[in-house]
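Student: Pasting in a structure now, in structure tokens, and then I'll have a few things to ask.
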Amino acid sequence: MTQNTLWSARASNNNSQRQDDHRSPFQRDKARVLHSAAFRRLQAKTQVLGVGQSDFYRTRLTHSLEAAQIGTGILTQLKRKAPQHQALFAEEALIEAICLAHDIGHPPFGHGGEVALNYLMRHDGSFEGNAQTLRILAKLEPYTEGNGMDLCRRTLLGVVKYPVLQSAVRGPLAPEPANPRQLKVSDWYPAKANYDEDADILEWVLAPLGNHDRDFFSQFQPLAPHGKAKFKSLDSAIMELGDDIAYAIHDMEDAIVMGLVGREVWDSDVASELKALSLSGFAMSLEELGSQLFSGQHHLRKQAIGALVNGLITATTLVPVDGFESPLLAFNAGLPEHYARALKVFKDFVYNQVVTKPELQLLEYKGQQMVMALFEALASDPARLLPHNTRRRWQAAGQSPRVIADYIAGMTDEYAGRLYGTLFLPKTGTVFERQPH
């Protein structure tokens, strides 16, 4: 079996195609992601600004679409700049599938929901959004009976941002709060790693690699509070860079339109930092960028946003990674140092001026508390409160709390809020409120 065949294999070993279906394996993967219930639910999950606050800004779904568009742009640049490595690059459909799928495992209410589930699962294998993505793609999504969407091995490799297990990198548990309402987010950020109970998935994904590459690929940095994986595949690096650009630039656009940041803050926190980097790829000066971003005119702001995104995409290069034999691991996508620093300036700007704003943190805290209340209620009597399909999964899994975490993680912000109302608020709820699982 050739390497290409190994990487296009599916865990079910079912590679048959329907009559007259001439799509490639990765085109089929993209279709499976697009048509999945898990992907559709991203339309009602928080990206940065809360769902329902406005119909303008990004949700997890629109963010994923933009990340996919940027990811394919990065792929095009790499193919142009490194023609000697054409055999290394896959078709656009692979990168699109990976980028579209990368946020599927994130729970309702953004990082507030993720921290809440990680705290609640602290004695049962933890919770982490990227690990949940792999779990949905390879086990939970009901496209097949036991292999989730049954995506190609290379597609799953691209989705794996952290090729390590929780038991390897997770640090000691933080002291538990006397009251869950006093839970500090900073104490319960999850380790960036896959669940130990899904080690079989990771093992299958990495099977084509030699023993040296597998061992080297699983190395991590012993940081605090949790260790962090050192490496990722080329496809995953493209996806992560597309994700970062979409977050940094497009979420900044949302903040500008919503009036959360002004020109003065841009000048002090962004423009002043970028001046020292001698950037030439943004097609307009920093002064012109600032003027257009804060002009109040949609077409001018779009020109500036397009210039920023294009400047970062076109700066992308193929970066060698020492120590690997497999070409998929021996190269990553990256930015020259001054452009990488510029991207960090944009990301820090969004984090410091938007994400950490008390107005947004109040909403994130509320979501965090709702997730904890839902989990505690459902876990108190799962046989009574879980939907029939989820209850059967819970029983088949030996009454594991992981199934309850799976159920809540799959909820949209809206559905979680309505279920909370049904459980805890008088005169709220109806027997007709259901979500398929």
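In the structure tokens, each chain is lettered A, B, ... as it comes, each chain's residues begin at 1, and ligands are numbered from 1 in order of appearance.
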List every residue of stretch 105-318 of chain A that DSSP, applied to the backbone of this structure, places in alpha helix (DSSP H), and write the result as an NGL selection string.

Tutor: :A and (110-120 or 129-135 or 153-159 or 166-169 or 199-205 or 211-217 or 234-245 or 251-257 or 263-266 or 272-275 or 286-293 or 298-315)

Student: Based on the selection just made, write C-alpha atoms of those residues as an mmCIF file, in the first residue's frame.

Tutor:
data_model
loop_
_atom_site.group_PDB
_atom_site.id
_atom_site.type_symbol
_atom_site.label_atom_id
_atom_site.label_comp_id
_atom_site.auth_asym_id
_atom_site.auth_seq_id
_atom_site.Cartn_x
_atom_site.Cartn_y
_atom_site.Cartn_z
ATOM 1 C CA GLY A 110 -16.969 30.043 23.901
ATOM 2 C CA HIS A 111 -14.131 29.527 26.331
ATOM 3 C CA GLY A 112 -16.497 29.968 29.275
ATOM 4 C CA GLY A 113 -18.264 26.769 28.272
ATOM 5 C CA GLU A 114 -14.952 25.000 27.637
ATOM 6 C CA VAL A 115 -13.552 25.895 31.066
ATOM 7 C CA ALA A 116 -16.801 24.865 32.757
ATOM 8 C CA LEU A 117 -16.776 21.420 31.111
ATOM 9 C CA ASN A 118 -13.072 20.975 31.849
ATOM 10 C CA TYR A 119 -13.740 21.673 35.532
ATOM 11 C CA LEU A 120 -16.712 19.313 35.613
ATOM 12 C CA GLY A 129 -12.324 21.825 22.386
ATOM 13 C CA ASN A 130 -9.764 20.458 19.930
ATOM 14 C CA ALA A 131 -9.905 17.009 21.518
ATOM 15 C CA GLN A 132 -13.680 17.154 21.222
ATOM 16 C CA THR A 133 -13.359 18.020 17.532
ATOM 17 C CA LEU A 134 -11.371 14.836 16.873
ATOM 18 C CA ARG A 135 -13.861 12.849 18.939
ATOM 19 C CA ARG A 153 -6.493 9.677 7.766
ATOM 20 C CA ARG A 154 -4.722 12.772 6.379
ATOM 21 C CA THR A 155 -7.787 14.931 7.048
ATOM 22 C CA LEU A 156 -7.802 13.830 10.683
ATOM 23 C CA LEU A 157 -4.042 14.382 10.928
ATOM 24 C CA GLY A 158 -4.624 17.962 9.793
ATOM 25 C CA VAL A 159 -7.299 18.485 12.436
ATOM 26 C CA GLN A 166 -4.024 14.460 28.386
ATOM 27 C CA SER A 167 -2.218 12.083 30.741
ATOM 28 C CA ALA A 168 1.147 13.101 29.246
ATOM 29 C CA VAL A 169 0.853 16.890 29.444
ATOM 30 C CA ALA A 199 -5.918 7.203 22.117
ATOM 31 C CA ASP A 200 -7.012 4.560 19.598
ATOM 32 C CA ILE A 201 -8.021 7.314 17.156
ATOM 33 C CA LEU A 202 -4.656 9.058 17.450
ATOM 34 C CA GLU A 203 -2.828 5.755 17.095
ATOM 35 C CA TRP A 204 -4.724 4.958 13.891
ATOM 36 C CA VAL A 205 -4.096 8.444 12.452
ATOM 37 C CA ASN A 211 8.520 4.604 14.906
ATOM 38 C CA HIS A 212 11.000 7.490 15.105
ATOM 39 C CA ASP A 213 8.541 10.001 13.625
ATOM 40 C CA ARG A 214 5.710 8.848 15.896
ATOM 41 C CA ASP A 215 7.853 9.193 19.027
ATOM 42 C CA PHE A 216 9.349 12.521 17.958
ATOM 43 C CA PHE A 217 5.944 13.899 16.925
ATOM 44 C CA LEU A 234 1.957 20.699 7.479
ATOM 45 C CA ASP A 235 -1.810 20.640 6.875
ATOM 46 C CA SER A 236 -2.496 21.463 10.514
ATOM 47 C CA ALA A 237 -0.023 24.363 10.364
ATOM 48 C CA ILE A 238 -1.859 25.770 7.319
ATOM 49 C CA MET A 239 -5.167 25.439 9.153
ATOM 50 C CA GLU A 240 -3.845 27.071 12.325
ATOM 51 C CA LEU A 241 -2.366 29.995 10.418
ATOM 52 C CA GLY A 242 -5.657 30.476 8.547
ATOM 53 C CA ASP A 243 -7.498 30.310 11.872
ATOM 54 C CA ASP A 244 -5.193 32.881 13.475
ATOM 55 C CA ILE A 245 -5.495 35.335 10.574
ATOM 56 C CA ASP A 251 -12.764 39.612 14.645
ATOM 57 C CA MET A 252 -10.995 42.976 14.819
ATOM 58 C CA GLU A 253 -13.338 44.157 12.052
ATOM 59 C CA ASP A 254 -16.338 43.080 14.130
ATOM 60 C CA ALA A 255 -15.008 45.033 17.106
ATOM 61 C CA ILE A 256 -14.526 48.169 14.976
ATOM 62 C CA VAL A 257 -18.027 47.975 13.479
ATOM 63 C CA ARG A 263 -8.963 54.924 16.221
ATOM 64 C CA GLU A 264 -7.015 56.176 19.234
ATOM 65 C CA VAL A 265 -6.583 52.645 20.618
ATOM 66 C CA TRP A 266 -5.641 51.348 17.159
ATOM 67 C CA SER A 272 2.749 52.159 16.808
ATOM 68 C CA GLU A 273 3.846 48.506 17.136
ATOM 69 C CA LEU A 274 3.714 47.848 13.386
ATOM 70 C CA LYS A 275 5.801 50.911 12.517
ATOM 71 C CA LEU A 286 -0.412 52.374 8.320
ATOM 72 C CA GLU A 287 -1.969 55.826 8.288
ATOM 73 C CA GLU A 288 -4.147 54.907 5.322
ATOM 74 C CA LEU A 289 -5.085 51.578 6.914
ATOM 75 C CA GLY A 290 -6.192 53.347 10.080
ATOM 76 C CA SER A 291 -8.141 55.964 8.178
ATOM 77 C CA GLN A 292 -10.027 53.374 6.133
ATOM 78 C CA LEU A 293 -10.679 51.010 9.060
ATOM 79 C CA HIS A 298 -18.145 49.898 4.650
ATOM 80 C CA HIS A 299 -16.300 49.741 1.317
ATOM 81 C CA LEU A 300 -13.237 51.542 2.673
ATOM 82 C CA ARG A 301 -13.083 49.345 5.766
ATOM 83 C CA LYS A 302 -13.343 46.263 3.547
ATOM 84 C CA GLN A 303 -10.423 47.485 1.423
ATOM 85 C CA ALA A 304 -8.289 47.813 4.550
ATOM 86 C CA ILE A 305 -9.322 44.425 5.914
ATOM 87 C CA GLY A 306 -8.592 42.834 2.533
ATOM 88 C CA ALA A 307 -5.162 44.476 2.437
ATOM 89 C CA LEU A 308 -4.289 43.114 5.885
ATOM 90 C CA VAL A 309 -5.469 39.578 5.118
ATOM 91 C CA ASN A 310 -3.753 39.547 1.734
ATOM 92 C CA GLY A 311 -0.509 40.857 3.225
ATOM 93 C CA LEU A 312 -0.384 38.035 5.771
ATOM 94 C CA ILE A 313 -1.389 35.311 3.293
ATOM 95 C CA THR A 314 1.168 36.342 0.678
ATOM 96 C CA ALA A 315 3.936 36.497 3.291
#

Student: Could you pull the residues within 12 Å of A:Lys79, counting only C-alpha atoms, minus those fewer than 2 positions along the same chain, as a PDB file with all heavy atoms, in the first residue's frame?

Tutor:
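To be explicit, this is the file written out as part.pdb:
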ATOM      1  N   THR A  72      -7.014  28.065   2.007  1.00  0.00           N
ATOM      2  CA  THR A  72      -6.749  27.735   0.599  1.00  0.00           C
ATOM      3  C   THR A  72      -5.868  28.800  -0.055  1.00  0.00           C
ATOM      4  O   THR A  72      -5.071  28.488  -0.944  1.00  0.00           O
ATOM      5  CB  THR A  72      -8.060  27.579  -0.193  1.00  0.00           C
ATOM      6  OG1 THR A  72      -8.830  28.782  -0.107  1.00  0.00           O
ATOM      7  CG2 THR A  72      -8.878  26.416   0.342  1.00  0.00           C
ATOM      8  N   GLY A  73      -5.993  30.039   0.394  1.00  0.00           N
ATOM      9  CA  GLY A  73      -5.097  31.089  -0.104  1.00  0.00           C
ATOM     10  C   GLY A  73      -3.656  30.824   0.299  1.00  0.00           C
ATOM     11  O   GLY A  73      -2.720  31.026  -0.493  1.00  0.00           O
ATOM     12  N   ILE A  74      -3.466  30.365   1.528  1.00  0.00           N
ATOM     13  CA  ILE A  74      -2.117  30.009   1.996  1.00  0.00           C
ATOM     14  C   ILE A  74      -1.571  28.848   1.179  1.00  0.00           C
ATOM     15  O   ILE A  74      -0.399  28.855   0.769  1.00  0.00           O
ATOM     16  CB  ILE A  74      -2.162  29.652   3.501  1.00  0.00           C
ATOM     17  CG1 ILE A  74      -2.472  30.905   4.327  1.00  0.00           C
ATOM     18  CG2 ILE A  74      -0.851  29.016   3.949  1.00  0.00           C
ATOM     19  CD1 ILE A  74      -2.773  30.622   5.788  1.00  0.00           C
ATOM     20  N   LEU A  75      -2.406  27.852   0.924  1.00  0.00           N
ATOM     21  CA  LEU A  75      -1.967  26.705   0.121  1.00  0.00           C
ATOM     22  C   LEU A  75      -1.504  27.154  -1.263  1.00  0.00           C
ATOM     23  O   LEU A  75      -0.465  26.691  -1.771  1.00  0.00           O
ATOM     24  CB  LEU A  75      -3.107  25.692   0.003  1.00  0.00           C
ATOM     25  CG  LEU A  75      -2.811  24.440  -0.830  1.00  0.00           C
ATOM     26  CD1 LEU A  75      -1.720  23.598  -0.189  1.00  0.00           C
ATOM     27  CD2 LEU A  75      -4.090  23.608  -1.005  1.00  0.00           C
ATOM     28  N   THR A  76      -2.247  28.049  -1.880  1.00  0.00           N
ATOM     29  CA  THR A  76      -1.877  28.559  -3.200  1.00  0.00           C
ATOM     30  C   THR A  76      -0.518  29.248  -3.159  1.00  0.00           C
ATOM     31  O   THR A  76       0.325  29.069  -4.051  1.00  0.00           O
ATOM     32  CB  THR A  76      -2.946  29.537  -3.717  1.00  0.00           C
ATOM     33  OG1 THR A  76      -4.193  28.848  -3.825  1.00  0.00           O
ATOM     34  CG2 THR A  76      -2.569  30.104  -5.070  1.00  0.00           C
ATOM     35  N   GLN A  77      -0.294  30.042  -2.127  1.00  0.00           N
ATOM     36  CA  GLN A  77       0.993  30.726  -1.987  1.00  0.00           C
ATOM     37  C   GLN A  77       2.138  29.728  -1.829  1.00  0.00           C
ATOM     38  O   GLN A  77       3.209  29.884  -2.426  1.00  0.00           O
ATOM     39  CB  GLN A  77       0.967  31.665  -0.775  1.00  0.00           C
ATOM     40  CG  GLN A  77       0.183  32.931  -0.987  1.00  0.00           C
ATOM     41  CD  GLN A  77       0.789  33.811  -2.067  1.00  0.00           C
ATOM     42  OE1 GLN A  77       1.999  34.020  -2.106  1.00  0.00           O
ATOM     43  NE2 GLN A  77      -0.056  34.322  -2.946  1.00  0.00           N
ATOM     44  N   LYS A  81       5.413  29.313  -4.181  1.00  0.00           N
ATOM     45  CA  LYS A  81       6.742  29.617  -3.670  1.00  0.00           C
ATOM     46  C   LYS A  81       7.651  28.389  -3.573  1.00  0.00           C
ATOM     47  O   LYS A  81       8.870  28.534  -3.496  1.00  0.00           O
ATOM     48  CB  LYS A  81       6.623  30.271  -2.285  1.00  0.00           C
ATOM     49  CG  LYS A  81       6.013  31.665  -2.313  1.00  0.00           C
ATOM     50  CD  LYS A  81       5.944  32.257  -0.923  1.00  0.00           C
ATOM     51  CE  LYS A  81       5.391  33.685  -0.968  1.00  0.00           C
ATOM     52  NZ  LYS A  81       5.328  34.288   0.384  1.00  0.00           N
ATOM     53  N   ALA A  82       7.075  27.209  -3.498  1.00  0.00           N
ATOM     54  CA  ALA A  82       7.882  25.994  -3.349  1.00  0.00           C
ATOM     55  C   ALA A  82       7.484  24.965  -4.404  1.00  0.00           C
ATOM     56  O   ALA A  82       6.991  23.883  -4.082  1.00  0.00           O
ATOM     57  CB  ALA A  82       7.714  25.424  -1.940  1.00  0.00           C
ATOM     58  N   PRO A  83       7.677  25.277  -5.688  1.00  0.00           N
ATOM     59  CA  PRO A  83       7.249  24.356  -6.752  1.00  0.00           C
ATOM     60  C   PRO A  83       7.968  23.012  -6.695  1.00  0.00           C
ATOM     61  O   PRO A  83       7.451  22.013  -7.185  1.00  0.00           O
ATOM     62  CB  PRO A  83       7.599  25.122  -8.036  1.00  0.00           C
ATOM     63  CG  PRO A  83       8.648  26.110  -7.629  1.00  0.00           C
ATOM     64  CD  PRO A  83       8.325  26.488  -6.230  1.00  0.00           C
ATOM     65  N   GLN A  84       9.153  22.968  -6.073  1.00  0.00           N
ATOM     66  CA  GLN A  84       9.892  21.709  -5.973  1.00  0.00           C
ATOM     67  C   GLN A  84       9.238  20.726  -5.003  1.00  0.00           C
ATOM     68  O   GLN A  84       9.605  19.553  -4.959  1.00  0.00           O
ATOM     69  CB  GLN A  84      11.339  21.981  -5.533  1.00  0.00           C
ATOM     70  CG  GLN A  84      11.519  22.428  -4.086  1.00  0.00           C
ATOM     71  CD  GLN A  84      11.327  23.929  -3.875  1.00  0.00           C
ATOM     72  OE1 GLN A  84      10.613  24.577  -4.638  1.00  0.00           O
ATOM     73  NE2 GLN A  84      11.959  24.463  -2.851  1.00  0.00           N
ATOM     74  N   HIS A  85       8.256  21.197  -4.238  1.00  0.00           N
ATOM     75  CA  HIS A  85       7.581  20.338  -3.264  1.00  0.00           C
ATOM     76  C   HIS A  85       6.111  20.104  -3.632  1.00  0.00           C
ATOM     77  O   HIS A  85       5.273  19.867  -2.752  1.00  0.00           O
ATOM     78  CB  HIS A  85       7.658  20.957  -1.867  1.00  0.00           C
ATOM     79  CG  HIS A  85       9.039  21.014  -1.301  1.00  0.00           C
ATOM     80  ND1 HIS A  85       9.759  19.887  -0.980  1.00  0.00           N
ATOM     81  CD2 HIS A  85       9.837  22.079  -1.015  1.00  0.00           C
ATOM     82  CE1 HIS A  85      10.946  20.245  -0.497  1.00  0.00           C
ATOM     83  NE2 HIS A  85      11.023  21.566  -0.512  1.00  0.00           N
ATOM     84  N   GLN A  86       5.789  20.153  -4.910  1.00  0.00           N
ATOM     85  CA  GLN A  86       4.398  20.011  -5.342  1.00  0.00           C
ATOM     86  C   GLN A  86       3.763  18.716  -4.841  1.00  0.00           C
ATOM     87  O   GLN A  86       2.573  18.680  -4.507  1.00  0.00           O
ATOM     88  CB  GLN A  86       4.308  20.086  -6.869  1.00  0.00           C
ATOM     89  CG  GLN A  86       4.558  21.474  -7.441  1.00  0.00           C
ATOM     90  CD  GLN A  86       3.620  22.541  -6.891  1.00  0.00           C
ATOM     91  OE1 GLN A  86       2.408  22.371  -6.879  1.00  0.00           O
ATOM     92  NE2 GLN A  86       4.184  23.638  -6.408  1.00  0.00           N
ATOM     93  N   ALA A  87       4.547  17.635  -4.791  1.00  0.00           N
ATOM     94  CA  ALA A  87       4.001  16.352  -4.351  1.00  0.00           C
ATOM     95  C   ALA A  87       3.572  16.384  -2.891  1.00  0.00           C
ATOM     96  O   ALA A  87       2.764  15.555  -2.453  1.00  0.00           O
ATOM     97  CB  ALA A  87       5.041  15.247  -4.560  1.00  0.00           C
ATOM     98  N   LEU A  88       4.094  17.343  -2.153  1.00  0.00           N
ATOM     99  CA  LEU A  88       3.777  17.454  -0.729  1.00  0.00           C
ATOM    100  C   LEU A  88       2.388  18.036  -0.494  1.00  0.00           C
ATOM    101  O   LEU A  88       1.708  17.682   0.481  1.00  0.00           O
ATOM    102  CB  LEU A  88       4.836  18.342  -0.067  1.00  0.00           C
ATOM    103  CG  LEU A  88       4.689  18.713   1.404  1.00  0.00           C
ATOM    104  CD1 LEU A  88       4.749  17.467   2.270  1.00  0.00           C
ATOM    105  CD2 LEU A  88       5.796  19.681   1.799  1.00  0.00           C
ATOM    106  N   PHE A  89       1.959  18.913  -1.393  1.00  0.00           N
ATOM    107  CA  PHE A  89       0.716  19.646  -1.172  1.00  0.00           C
ATOM    108  C   PHE A  89      -0.488  18.851  -1.670  1.00  0.00           C
ATOM    109  O   PHE A  89      -0.471  18.290  -2.758  1.00  0.00           O
ATOM    110  CB  PHE A  89       0.767  20.991  -1.886  1.00  0.00           C
ATOM    111  CG  PHE A  89       1.932  21.840  -1.459  1.00  0.00           C
ATOM    112  CD1 PHE A  89       2.896  22.223  -2.376  1.00  0.00           C
ATOM    113  CD2 PHE A  89       2.068  22.249  -0.152  1.00  0.00           C
ATOM    114  CE1 PHE A  89       3.975  23.003  -2.000  1.00  0.00           C
ATOM    115  CE2 PHE A  89       3.135  23.028   0.242  1.00  0.00           C
ATOM    116  CZ  PHE A  89       4.099  23.405  -0.681  1.00  0.00           C
ATOM    117  N   ALA A  90      -1.527  18.844  -0.862  1.00  0.00           N
ATOM    118  CA  ALA A  90      -2.773  18.185  -1.263  1.00  0.00           C
ATOM    119  C   ALA A  90      -3.650  19.187  -2.005  1.00  0.00           C
ATOM    120  O   ALA A  90      -3.327  20.369  -2.117  1.00  0.00           O
ATOM    121  CB  ALA A  90      -3.501  17.648  -0.039  1.00  0.00           C
ATOM    122  N   GLU A  91      -4.777  18.712  -2.478  1.00  0.00           N
ATOM    123  CA  GLU A  91      -5.727  19.579  -3.166  1.00  0.00           C
ATOM    124  C   GLU A  91      -6.418  20.521  -2.184  1.00  0.00           C
ATOM    125  O   GLU A  91      -6.394  20.302  -0.960  1.00  0.00           O
ATOM    126  CB  GLU A  91      -6.768  18.716  -3.884  1.00  0.00           C
ATOM    127  CG  GLU A  91      -7.555  17.838  -2.922  1.00  0.00           C
ATOM    128  CD  GLU A  91      -8.365  16.774  -3.649  1.00  0.00           C
ATOM    129  OE1 GLU A  91      -7.860  15.666  -3.871  1.00  0.00           O
ATOM    130  OE2 GLU A  91      -9.512  17.083  -3.956  1.00  0.00           O
ATOM    131  N   GLU A  92      -7.031  21.559  -2.724  1.00  0.00           N
ATOM    132  CA  GLU A  92      -7.692  22.547  -1.879  1.00  0.00           C
ATOM    133  C   GLU A  92      -8.762  21.932  -0.989  1.00  0.00           C
ATOM    134  O   GLU A  92      -8.977  22.377   0.141  1.00  0.00           O
ATOM    135  CB  GLU A  92      -8.318  23.648  -2.739  1.00  0.00           C
ATOM    136  CG  GLU A  92      -7.325  24.614  -3.337  1.00  0.00           C
ATOM    137  CD  GLU A  92      -8.009  25.810  -3.992  1.00  0.00           C
ATOM    138  OE1 GLU A  92      -9.259  25.848  -3.991  1.00  0.00           O
ATOM    139  OE2 GLU A  92      -7.300  26.698  -4.489  1.00  0.00           O
ATOM    140  N   THR A 314       0.097  36.356   1.676  1.00  0.00           N
ATOM    141  CA  THR A 314       1.168  36.342   0.678  1.00  0.00           C
ATOM    142  C   THR A 314       2.555  36.291   1.312  1.00  0.00           C
ATOM    143  O   THR A 314       3.531  35.955   0.637  1.00  0.00           O
ATOM    144  CB  THR A 314       1.076  37.570  -0.241  1.00  0.00           C
ATOM    145  OG1 THR A 314       1.059  38.772   0.552  1.00  0.00           O
ATOM    146  CG2 THR A 314      -0.195  37.524  -1.083  1.00  0.00           C
ATOM    147  N   THR A 316       3.272  34.181   3.682  1.00  0.00           N
ATOM    148  CA  THR A 316       3.455  32.815   4.177  1.00  0.00           C
ATOM    149  C   THR A 316       4.518  32.072   3.384  1.00  0.00           C
ATOM    150  O   THR A 316       4.602  32.194   2.159  1.00  0.00           O
ATOM    151  CB  THR A 316       2.123  32.037   4.088  1.00  0.00           C
ATOM    152  OG1 THR A 316       1.103  32.792   4.738  1.00  0.00           O
ATOM    153  CG2 THR A 316       2.247  30.689   4.768  1.00  0.00           C
ATOM    154  N   THR A 317       5.325  31.295   4.088  1.00  0.00           N
ATOM    155  CA  THR A 317       6.367  30.501   3.441  1.00  0.00           C
ATOM    156  C   THR A 317       6.348  29.073   3.963  1.00  0.00           C
ATOM    157  O   THR A 317       5.746  28.785   5.000  1.00  0.00           O
ATOM    158  CB  THR A 317       7.767  31.095   3.704  1.00  0.00           C
ATOM    159  OG1 THR A 317       8.008  31.112   5.124  1.00  0.00           O
ATOM    160  CG2 THR A 317       7.879  32.506   3.163  1.00  0.00           C
ATOM    161  N   LEU A 318       7.027  28.185   3.233  1.00  0.00           N
ATOM    162  CA  LEU A 318       7.207  26.803   3.658  1.00  0.00           C
ATOM    163  C   LEU A 318       8.428  26.741   4.566  1.00  0.00           C
ATOM    164  O   LEU A 318       9.519  27.178   4.186  1.00  0.00           O
ATOM    165  CB  LEU A 318       7.385  25.896   2.448  1.00  0.00           C
ATOM    166  CG  LEU A 318       7.275  24.387   2.691  1.00  0.00           C
ATOM    167  CD1 LEU A 318       5.872  24.010   3.135  1.00  0.00           C
ATOM    168  CD2 LEU A 318       7.665  23.621   1.424  1.00  0.00           C
ATOM    169  N   ALA A 333       3.811  25.438   7.531  1.00  0.00           N
ATOM    170  CA  ALA A 333       3.567  26.780   6.992  1.00  0.00           C
ATOM    171  C   ALA A 333       3.894  27.781   8.080  1.00  0.00           C
ATOM    172  O   ALA A 333       3.591  27.563   9.252  1.00  0.00           O
ATOM    173  CB  ALA A 333       2.116  26.916   6.566  1.00  0.00           C
TER     174      ALA A 333
END

Student: Of the candidates A:Met121, A:Thr62, A:Arg41, A:Ala93, which one gets nearest to A:Arg23 if we count only C-alpha atoms?

Tutor: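 Result for the nearest residue to A:Arg23: A:Ala93.
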
Student: Using DSSP assignments from the backbone, pull out every residue in stretch 102-242 of chain A that falls under strand (DSSP E or B) and give it to me as an MDAnalysis selection string.

Tutor: chainID A and resid 152 165 194 220:221 228:229

Student: Give the answer as one residue: which of A:Val261, A:Ile404, A:Leu65, A:Leu425 has the shortest atom-to-atom distance to A:Leu378, using only C-alpha atoms?

Tutor: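 Nearest to A:Leu378: A:Ile404.
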
Student: Would you mind reading off the distance between atom CA of A:Gln399 and atom CA of A:Thr428, one decimal, in Å?

Tutor: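 Atom-to-atom, atom CA of A:Gln399 and atom CA of A:Thr428 are spaced 29.0 Å apart.
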
Student: Atom CA of A:Gly259 to atom CA of A:Phe39: how many Å, to one decimal?

Tutor: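 Atom CA of A:Phe39 lies 29.5 Å from atom CA of A:Gly259.
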
Student: Which of these residues is nearest to A:Gly227, using only C-alpha atoms: A:Leu165, A:Ala379, A:Leu6, A:Met370?

Tutor: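 Ranked by minimum distance to A:Gly227, first place goes to A:Leu165.
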
Student: Find the distance between atom CA of A:Asp322 and atom CA of A:Lys228 and write it in Å to one decimal.

Tutor: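 If I compute the distance from atom CA of A:Asp322 to atom CA of A:Lys228, I get 18.3 Å.
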
Student: Give the answer as one residue: which of A:Val371, A:Ile408, A:Ala101, A:Ile136 has the shortest atom-to-atom distance to A:Pro387, using only C-alpha atoms?

Tutor: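 Checking each candidate against A:Pro387, we get A:Ile408 as the closest.
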
Student: Looking at A:Phe26, A:Phe109, A:Trp394, A:Trp7, which one is nearest to A:Asp413, with distances taken over only C-alpha atoms?

Tutor: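 Among the listed residues, A:Phe109 lies closest to A:Asp413.
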
Student: Write out as a list of chain:residue names which residues come within 10 Å of A:Met411 when counting only C-alpha atoms, dropping same-chain ones fewer than 2 positions away.

Tutor: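 Listed by chain and then number, they are A:Ala38, A:Arg41, A:Leu42, A:Ala44, A:Lys45, A:His106, A:Pro107, A:Pro108, A:Phe109, A:Val371, A:Asp406, A:Tyr407, A:Ile408, A:Ala409, A:Asp413, A:Glu414, A:Tyr415, A:Ala416, A:Gly417, A:Leu419, A:Gln435, A:Pro436, A:His437.
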